[in-house]
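Everything below belongs to data_21.cif, which stores mmCIF, C-alpha atoms and all ligand atoms.
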data_protein
#
loop_
_atom_site.group_PDB
_atom_site.id
_atom_site.type_symbol
_atom_site.label_atom_id
_atom_site.label_comp_id
_atom_site.auth_asym_id
_atom_site.auth_seq_id
_atom_site.Cartn_x
_atom_site.Cartn_y
_atom_site.Cartn_z
ATOM 1 C CA MET A 276 84.285 169.271 126.237
ATOM 2 C CA ALA A 277 87.943 170.099 125.547
ATOM 3 C CA GLY A 278 90.508 167.588 124.407
ATOM 4 C CA GLU A 279 90.562 164.055 123.089
ATOM 5 C CA LYS A 280 88.543 161.120 124.362
ATOM 6 C CA THR A 281 90.128 157.769 125.067
ATOM 7 C CA PHE A 282 88.971 154.396 126.344
ATOM 8 C CA ALA A 283 90.540 152.461 129.217
ATOM 9 C CA MET A 284 89.720 149.177 130.866
ATOM 10 C CA LEU A 285 91.115 147.865 134.140
ATOM 11 C CA LYS A 286 91.674 144.134 133.627
ATOM 12 C CA PRO A 287 90.120 141.606 136.062
ATOM 13 C CA GLY A 288 93.152 141.365 138.360
ATOM 14 C CA VAL A 289 92.714 144.998 139.345
ATOM 15 C CA LEU A 290 89.391 144.383 141.102
ATOM 16 C CA GLN A 291 90.702 141.070 142.494
ATOM 17 C CA ARG A 292 93.707 142.851 144.006
ATOM 18 C CA ARG A 293 91.601 145.835 145.208
ATOM 19 C CA ILE A 294 93.803 148.368 143.450
ATOM 20 C CA VAL A 295 91.074 150.083 141.389
ATOM 21 C CA GLY A 296 91.453 153.246 143.480
ATOM 22 C CA GLU A 297 95.228 153.232 143.077
ATOM 23 C CA VAL A 298 94.961 153.155 139.279
ATOM 24 C CA LEU A 299 92.084 155.658 139.008
ATOM 25 C CA SER A 300 93.933 157.984 141.344
ATOM 26 C CA ARG A 301 96.972 158.066 139.064
ATOM 27 C CA ILE A 302 94.751 158.929 136.078
ATOM 28 C CA GLU A 303 92.917 161.664 137.973
ATOM 29 C CA ARG A 304 96.040 163.155 139.544
ATOM 30 C CA LYS A 305 97.571 163.569 136.102
ATOM 31 C CA GLY A 306 94.686 165.904 135.259
ATOM 32 C CA LEU A 307 92.716 163.601 133.000
ATOM 33 C CA LYS A 308 88.946 163.648 133.466
ATOM 34 C CA LEU A 309 86.617 160.671 133.816
ATOM 35 C CA ILE A 310 83.455 161.118 131.762
ATOM 36 C CA ALA A 311 82.153 157.519 131.926
ATOM 37 C CA LEU A 312 82.898 154.690 134.352
ATOM 38 C CA LYS A 313 81.363 151.270 134.914
ATOM 39 C CA MET A 314 82.085 147.840 136.356
ATOM 40 C CA MET A 315 81.064 145.045 134.010
ATOM 41 C CA SER A 316 81.704 141.452 132.975
ATOM 42 C CA ILE A 317 82.673 141.439 129.311
ATOM 43 C CA PRO A 318 80.899 138.832 127.165
ATOM 44 C CA ARG A 319 83.405 136.712 125.224
ATOM 45 C CA ASP A 320 82.211 137.949 121.824
ATOM 46 C CA LEU A 321 82.599 141.591 122.859
ATOM 47 C CA CYS A 322 86.104 140.847 124.178
ATOM 48 C CA GLU A 323 87.029 139.142 120.894
ATOM 49 C CA GLN A 324 85.763 142.173 118.979
ATOM 50 C CA HIS A 325 87.686 144.506 121.255
ATOM 51 C CA TYR A 326 90.965 142.607 120.717
ATOM 52 C CA ALA A 327 90.188 141.651 117.056
ATOM 53 C CA GLU A 328 93.514 143.084 115.826
ATOM 54 C CA HIS A 329 95.265 140.318 117.805
ATOM 55 C CA LYS A 330 93.084 137.386 116.703
ATOM 56 C CA ASP A 331 95.974 135.609 114.951
ATOM 57 C CA ARG A 332 98.489 136.141 117.768
ATOM 58 C CA PRO A 333 99.461 133.121 119.902
ATOM 59 C CA PHE A 334 98.335 134.873 123.104
ATOM 60 C CA PHE A 335 94.838 135.771 121.803
ATOM 61 C CA ASN A 336 92.793 132.952 123.393
ATOM 62 C CA ASP A 337 94.551 133.228 126.737
ATOM 63 C CA LEU A 338 94.119 137.006 126.698
ATOM 64 C CA VAL A 339 90.380 136.760 125.985
ATOM 65 C CA SER A 340 89.987 134.077 128.655
ATOM 66 C CA TYR A 341 91.756 136.283 131.185
ATOM 67 C CA VAL A 342 89.853 139.468 130.369
ATOM 68 C CA THR A 343 86.517 137.595 130.584
ATOM 69 C CA SER A 344 87.474 135.753 133.806
ATOM 70 C CA GLY A 345 85.980 138.376 136.125
ATOM 71 C CA PRO A 346 84.619 141.889 136.202
ATOM 72 C CA VAL A 347 86.549 144.783 134.721
ATOM 73 C CA VAL A 348 86.257 148.549 135.103
ATOM 74 C CA ALA A 349 85.637 150.330 131.795
ATOM 75 C CA MET A 350 85.922 154.068 131.358
ATOM 76 C CA VAL A 351 86.065 157.000 128.995
ATOM 77 C CA ILE A 352 88.677 159.627 129.789
ATOM 78 C CA THR A 353 89.139 163.076 128.297
ATOM 79 C CA GLY A 354 91.853 165.718 128.306
ATOM 80 C CA GLU A 355 94.439 167.422 126.117
ATOM 81 C CA ASN A 356 96.335 164.649 124.279
ATOM 82 C CA ALA A 357 94.510 162.120 126.467
ATOM 83 C CA ILE A 358 95.314 159.161 124.185
ATOM 84 C CA ALA A 359 99.108 159.561 124.237
ATOM 85 C CA ILE A 360 99.226 160.771 127.845
ATOM 86 C CA LEU A 361 97.274 157.777 129.133
ATOM 87 C CA ARG A 362 99.512 155.384 127.151
ATOM 88 C CA MET A 363 102.533 157.025 128.802
ATOM 89 C CA LEU A 364 100.977 156.672 132.253
ATOM 90 C CA CYS A 365 100.333 152.973 131.508
ATOM 91 C CA GLY A 366 103.890 152.210 130.392
ATOM 92 C CA ALA A 367 105.127 149.536 128.000
ATOM 93 C CA THR A 368 103.027 146.475 127.134
ATOM 94 C CA ARG A 369 105.617 143.985 128.376
ATOM 95 C CA VAL A 370 106.035 144.234 132.103
ATOM 96 C CA ASN A 371 109.782 143.687 131.890
ATOM 97 C CA GLU A 372 109.961 146.852 129.741
ATOM 98 C CA ALA A 373 107.457 148.939 131.734
ATOM 99 C CA VAL A 374 109.542 151.329 133.792
ATOM 100 C CA PRO A 375 108.914 152.186 137.450
ATOM 101 C CA GLY A 376 106.620 155.186 137.791
ATOM 102 C CA THR A 377 104.196 153.805 135.218
ATOM 103 C CA ILE A 378 101.027 151.885 136.103
ATOM 104 C CA ARG A 379 102.293 148.662 134.527
ATOM 105 C CA GLY A 380 105.833 149.219 135.773
ATOM 106 C CA ASP A 381 104.720 149.689 139.362
ATOM 107 C CA LEU A 382 101.786 147.299 139.674
ATOM 108 C CA GLY A 383 102.445 144.001 137.932
ATOM 109 C CA LEU A 384 104.809 141.190 136.982
ATOM 110 C CA ASP A 385 102.876 139.491 134.175
ATOM 111 C CA THR A 386 102.411 140.864 130.633
ATOM 112 C CA GLN A 387 98.968 139.316 130.114
ATOM 113 C CA LYS A 388 97.810 140.702 133.460
ATOM 114 C CA ASN A 389 99.358 144.105 132.754
ATOM 115 C CA VAL A 390 96.687 145.968 134.738
ATOM 116 C CA ILE A 391 95.149 148.260 132.124
ATOM 117 C CA HIS A 392 94.116 148.552 128.501
ATOM 118 C CA ALA A 393 94.294 151.982 126.873
ATOM 119 C CA SER A 394 93.358 152.933 123.295
ATOM 120 C CA ASP A 395 96.370 153.375 121.014
ATOM 121 C CA SER A 396 94.951 155.906 118.490
ATOM 122 C CA ALA A 397 91.987 158.188 117.845
ATOM 123 C CA GLU A 398 90.461 155.529 115.582
ATOM 124 C CA SER A 399 90.833 152.816 118.258
ATOM 125 C CA ALA A 400 89.432 155.139 120.908
ATOM 126 C CA ALA A 401 86.303 155.911 118.860
ATOM 127 C CA ARG A 402 85.807 152.230 118.042
ATOM 128 C CA GLU A 403 86.340 151.018 121.611
ATOM 129 C CA ILE A 404 84.198 153.729 123.211
ATOM 130 C CA GLY A 405 81.420 152.693 120.800
ATOM 131 C CA LEU A 406 81.829 149.011 121.728
ATOM 132 C CA PHE A 407 81.581 149.591 125.482
ATOM 133 C CA PHE A 408 79.423 152.684 126.017
ATOM 134 C CA LYS A 409 76.136 154.073 124.786
ATOM 135 C CA PRO A 410 76.277 157.823 124.119
ATOM 136 C CA SER A 411 73.863 158.348 127.043
ATOM 137 C CA GLU A 412 76.420 156.794 129.446
ATOM 138 C CA ILE A 413 78.995 159.499 128.683
ATOM 139 C CA GLN A 414 78.667 162.588 130.851
ATOM 140 C CA ALA A 415 79.415 166.146 129.772
ATOM 141 C CA TYR A 416 80.210 168.240 132.827
ATOM 142 C CA GLU A 417 82.434 171.089 133.908
ATOM 143 C CA ASP A 418 84.491 170.813 137.088
ATOM 144 C CA GLY A 419 86.478 174.043 136.752
ATOM 145 C CA ASN A 420 89.793 172.190 136.632
ATOM 146 C CA GLU A 421 90.725 173.152 133.070
ATOM 147 C CA ALA A 422 92.207 176.391 134.396
ATOM 148 C CA TRP A 423 94.684 174.375 136.466
ATOM 149 C CA TYR A 424 95.546 171.524 134.151
ATOM 150 C CA VAL A 425 95.599 173.034 130.663
HETATM 151 N N1 LIG B 1 103.674 138.506 124.196
HETATM 152 C C1 LIG B 1 102.558 138.558 124.904
HETATM 153 N N2 LIG B 1 102.233 137.559 125.768
HETATM 154 C C2 LIG B 1 101.100 137.590 126.490
HETATM 155 N N3 LIG B 1 100.198 138.585 126.418
HETATM 156 C C3 LIG B 1 100.467 139.600 125.585
HETATM 157 C C4 LIG B 1 101.650 139.643 124.776
HETATM 158 N N4 LIG B 1 101.635 140.782 124.040
HETATM 159 C C5 LIG B 1 100.483 141.415 124.372
HETATM 160 N N5 LIG B 1 99.794 140.699 125.300
HETATM 161 C C6 LIG B 1 98.525 141.059 125.914
HETATM 162 O O1 LIG B 1 97.680 141.570 124.907
HETATM 163 C C7 LIG B 1 97.316 142.917 125.229
HETATM 164 C C8 LIG B 1 97.183 143.691 123.944
HETATM 165 O O2 LIG B 1 98.464 143.811 123.339
HETATM 166 P P1 LIG B 1 98.885 145.141 122.579
HETATM 167 O O3 LIG B 1 99.998 144.773 121.678
HETATM 168 O O4 LIG B 1 97.671 145.799 122.029
HETATM 169 O O5 LIG B 1 99.494 146.002 123.781
HETATM 170 P P2 LIG B 1 98.972 147.347 124.414
HETATM 171 O O6 LIG B 1 98.337 148.206 123.360
HETATM 172 O O7 LIG B 1 100.103 147.942 125.219
HETATM 173 O O8 LIG B 1 97.914 146.817 125.428
HETATM 174 P P3 LIG B 1 96.354 147.125 125.464
HETATM 175 O O9 LIG B 1 95.818 146.965 124.051
HETATM 176 O O10 LIG B 1 95.796 146.077 126.425
HETATM 177 O O11 LIG B 1 96.260 148.527 125.951
HETATM 178 C C9 LIG B 1 98.425 143.396 126.168
HETATM 179 O O12 LIG B 1 98.011 144.452 126.997
HETATM 180 C C10 LIG B 1 98.722 142.150 126.956
HETATM 181 O O13 LIG B 1 97.740 141.949 127.987
HETATM 182 MG MG MG B 2 96.641 147.567 122.257
#
Could you take the file, read its structure, and then write that structure out as C-alpha cells?
Ligand SMILES: Nc1ncnc2c1ncn2[C@@H]1O[C@H](COP(=O)(O)OP(=O)(O)OP(=O)(O)O)[C@@H](O)[C@H]1O
Ligand SMILES: [Mg+2]
Amino acid sequence: MAGEKTFAMLKPGVLQRRIVGEVLSRIERKGLKLIALKMMSIPRDLCEQHYAEHKDRPFFNDLVSYVTSGPVVAMVITGENAIAILRMLCGATRVNEAVPGTIRGDLGLDTQKNVIHASDSAESAAREIGLFFKPSEIQAYEDGNEAWYV
C-alpha cells in the first residue's frame, strides 16, 4: 500500500445536511484512496480522547458535545503525502479563514461545525486510526489508479 495513511471524520452536521457524498467526492477526485469507512456515533469518552490535546481550551466541552450529538462518518485515507494533502483540501480551521475551493471554505459558516476533522501529523494519524479502527477494518486493495495519480 503506497503512501501515508491519515484519519478523517465528517462531523455530525455533514450527515444532517446530506452532504456526505459531496465531501467524499472531493477526497476521491483528488486521487486519495479510501481504505476504511464507517458511520458511527462516537461515545463521549472516545471523543474526549480524540480531542485530548484541546482539553483545556474554552471550546472543548462544546466541541465534544457537538461531535457526539449525532452520527459521524469516520475513515482512513491513503495516498502520497495524504496527511498534508487532505489538510489542504479541508482548508483553515476557522471558517472565516478557510478559502473558497476548500471543503471548509465552501461548505460551512461555523468554526465548530467546520465539516471535517483531518489528522495533522503522522503521529496524530497513527493515534487516531488506532482509536477508531481495528486493523481488520482497514482494507488493502489495488484499484489500478496509482498509475494515474502518482
Ligand atoms: N476558536 C474556536 N471556537 C470554536 N471551535 C473551535 C475553535 N478552534 C477550534 N475549534 C474546533 O475544534 C476543532 C479542533 O481544532 P484544531 O485546532 O485541532 O483545528 P483543526 O486541526 O483544523 O481541526 P480538526 O482537528 O477538527 O481537524 C476544530 O476543527 C473546530 O471544530
Ligand atoms: Mg486538529
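The two atoms in question, atom CA of Thr353 of chain A and atom CA of Ala311 of chain A, are spaced 9.6 Å apart.
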If we count all atoms listed in the file and set the cut-off at 8 Å, which residues sit around Cys322 of chain A, ignoring sequence neighbours fewer than 5 positions away in its own chain? Please answer as a PDB file with C-alpha atoms, in the frame of the given file.
ATOM      1  CA  ILE A 317      82.673 141.439 129.311  1.00  0.00           C
ATOM      2  CA  VAL A 339      90.380 136.760 125.985  1.00  0.00           C
ATOM      3  CA  VAL A 342      89.853 139.468 130.369  1.00  0.00           C
ATOM      4  CA  THR A 343      86.517 137.595 130.584  1.00  0.00           C
TER       5      THR A 343
END
inquiry  = One number please: atom CA of Glu328 of chain A to atom N5 of ligand LIG 1 (chain B), in Å, one decimal.
reply    =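 Distance reported for this atom pair: 11.6 Å.
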task = Expand the PyMOL selection byres (((chain A and resi 373) around 12) and not hetatm) into the individual residues it matches in the shown file, reporting them as number ranges by chain.
result = A: 362-372, 374-386, 389-390
task = Run through the PyMOL selection byres (((not hetatm)) within 9 of (chain B and resi 2)) on the given coordinates and return the selected residues as a VMD selection string.
result = chain A and resid 326 328 to 329 368 392 to 395 399
Name the residues, using the chain letters and numbers of the file, that sit within 12 Å of (85.8, 151.1, 119.8) when counting all atoms listed in the file, and give them as a PDB file with C-alpha atoms, in the coordinates of the input.
ATOM      1  CA  LYS A 280      88.543 161.120 124.362  1.00  0.00           C
ATOM      2  CA  THR A 281      90.128 157.769 125.067  1.00  0.00           C
ATOM      3  CA  PHE A 282      88.971 154.396 126.344  1.00  0.00           C
ATOM      4  CA  ALA A 283      90.540 152.461 129.217  1.00  0.00           C
ATOM      5  CA  MET A 284      89.720 149.177 130.866  1.00  0.00           C
ATOM      6  CA  LEU A 321      82.599 141.591 122.859  1.00  0.00           C
ATOM      7  CA  CYS A 322      86.104 140.847 124.178  1.00  0.00           C
ATOM      8  CA  GLN A 324      85.763 142.173 118.979  1.00  0.00           C
ATOM      9  CA  HIS A 325      87.686 144.506 121.255  1.00  0.00           C
ATOM     10  CA  TYR A 326      90.965 142.607 120.717  1.00  0.00           C
ATOM     11  CA  ALA A 327      90.188 141.651 117.056  1.00  0.00           C
ATOM     12  CA  GLU A 328      93.514 143.084 115.826  1.00  0.00           C
ATOM     13  CA  MET A 350      85.922 154.068 131.358  1.00  0.00           C
ATOM     14  CA  VAL A 351      86.065 157.000 128.995  1.00  0.00           C
ATOM     15  CA  ALA A 393      94.294 151.982 126.873  1.00  0.00           C
ATOM     16  CA  SER A 394      93.358 152.933 123.295  1.00  0.00           C
ATOM     17  CA  ASP A 395      96.370 153.375 121.014  1.00  0.00           C
ATOM     18  CA  SER A 396      94.951 155.906 118.490  1.00  0.00           C
ATOM     19  CA  ALA A 397      91.987 158.188 117.845  1.00  0.00           C
ATOM     20  CA  GLU A 398      90.461 155.529 115.582  1.00  0.00           C
ATOM     21  CA  SER A 399      90.833 152.816 118.258  1.00  0.00           C
ATOM     22  CA  ALA A 400      89.432 155.139 120.908  1.00  0.00           C
ATOM     23  CA  ALA A 401      86.303 155.911 118.860  1.00  0.00           C
ATOM     24  CA  ARG A 402      85.807 152.230 118.042  1.00  0.00           C
ATOM     25  CA  GLU A 403      86.340 151.018 121.611  1.00  0.00           C
ATOM     26  CA  ILE A 404      84.198 153.729 123.211  1.00  0.00           C
ATOM     27  CA  GLY A 405      81.420 152.693 120.800  1.00  0.00           C
ATOM     28  CA  LEU A 406      81.829 149.011 121.728  1.00  0.00           C
ATOM     29  CA  PHE A 407      81.581 149.591 125.482  1.00  0.00           C
ATOM     30  CA  PHE A 408      79.423 152.684 126.017  1.00  0.00           C
ATOM     31  CA  LYS A 409      76.136 154.073 124.786  1.00  0.00           C
TER      32      LYS A 409
END
task = Rounded to one decimal place, report the atom CA of Ser344 of chain A-atom CA of Pro318 of chain A distance in Å.
result =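 Those two atoms sit 9.8 Å apart.
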request  = Given the file shown, enumerate the residues that the PyMOL selection byres (((chain A and resi 307) around 8) and not hetatm) captures and present them as a list in words.
outcome  =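 Against this file, the PyMOL selection byres (((chain A and resi 307) around 8) and not hetatm) returns the residues Ile302, Glu303, Arg304, Lys305, Gly306, Lys308, Leu309, Ile352, Thr353, Gly354 and Ala357 of chain A.
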Residue nearest ligand LIG 1 (chain B) among A:Ile310, A:Met315, A:Ala359, A:Ile391 (counting all atoms listed in the file) =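 Distance minimum relative to ligand LIG 1 (chain B) lands on A:Ile391.
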key: Selected residue of minimal separation from ligand LIG 1 (chain B) among A:Glu355, A:Glu323, A:Glu412, A:Asp418, counting all atoms listed in the file   = A:Glu323
ask   = Between A:Val298, A:Leu338, A:Met314, A:Val289, which one has atoms that come closest to ligand LIG 1 (chain B), using only C-alpha atoms and all ligand atoms?
value = A:Leu338
key: A:Gln387, A:Asn356, A:Asn420, A:Ser300 ranked by distance to ligand LIG 1 (chain B), top pick (using all atoms listed in the file)   = A:Gln387
Find the axis-aligned box for ligand LIG 1 (chain B), covering all its listed atoms and adding 6 Å on each side, and write its centre and edge lengths in Å to one decimal as lines of an AutoDock Vina configuration file.
center_x = 99.7
center_y = 143.0
center_z = 124.8
size_x = 19.9
size_y = 23.0
size_z = 18.3
inquiry  = Considering all atoms listed in the file, can you say which of A:Arg319, A:Asp331, A:Gly278, A:Lys388 comes closest to ligand LIG 1 (chain B)?
reply    = A:Lys388
query = With all atoms listed in the file as the atoms that count, which of A:Leu361, A:Arg301, A:Arg293, A:Pro287 lies nearest to Ser340 of chain A?
reply = A:Pro287
message = Need the shell around Leu290 of chain A: protein/DNA/RNA residues with any atom at most 9 Å away, counting all atoms listed in the file. Skip same-chain ones fewer than 5 positions apart. Format as a list of chain:residue names?
response =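 After dropping sequence-adjacent residues, the list is A:Leu285, A:Val295, A:Gly345, A:Pro346, A:Val347, A:Val348.
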Would you write out those residues with C-alpha atoms, as a compact mmCIF listing (two decimals), keeping the file's coordinate frame?
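File selection36.txt, as written:
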# COMPACT_ATOMS: atom_id res chain seq x y z
CA LEU A 285 91.12 147.86 134.14
CA VAL A 295 91.07 150.08 141.39
CA GLY A 345 85.98 138.38 136.12
CA PRO A 346 84.62 141.89 136.20
CA VAL A 347 86.55 144.78 134.72
CA VAL A 348 86.26 148.55 135.10
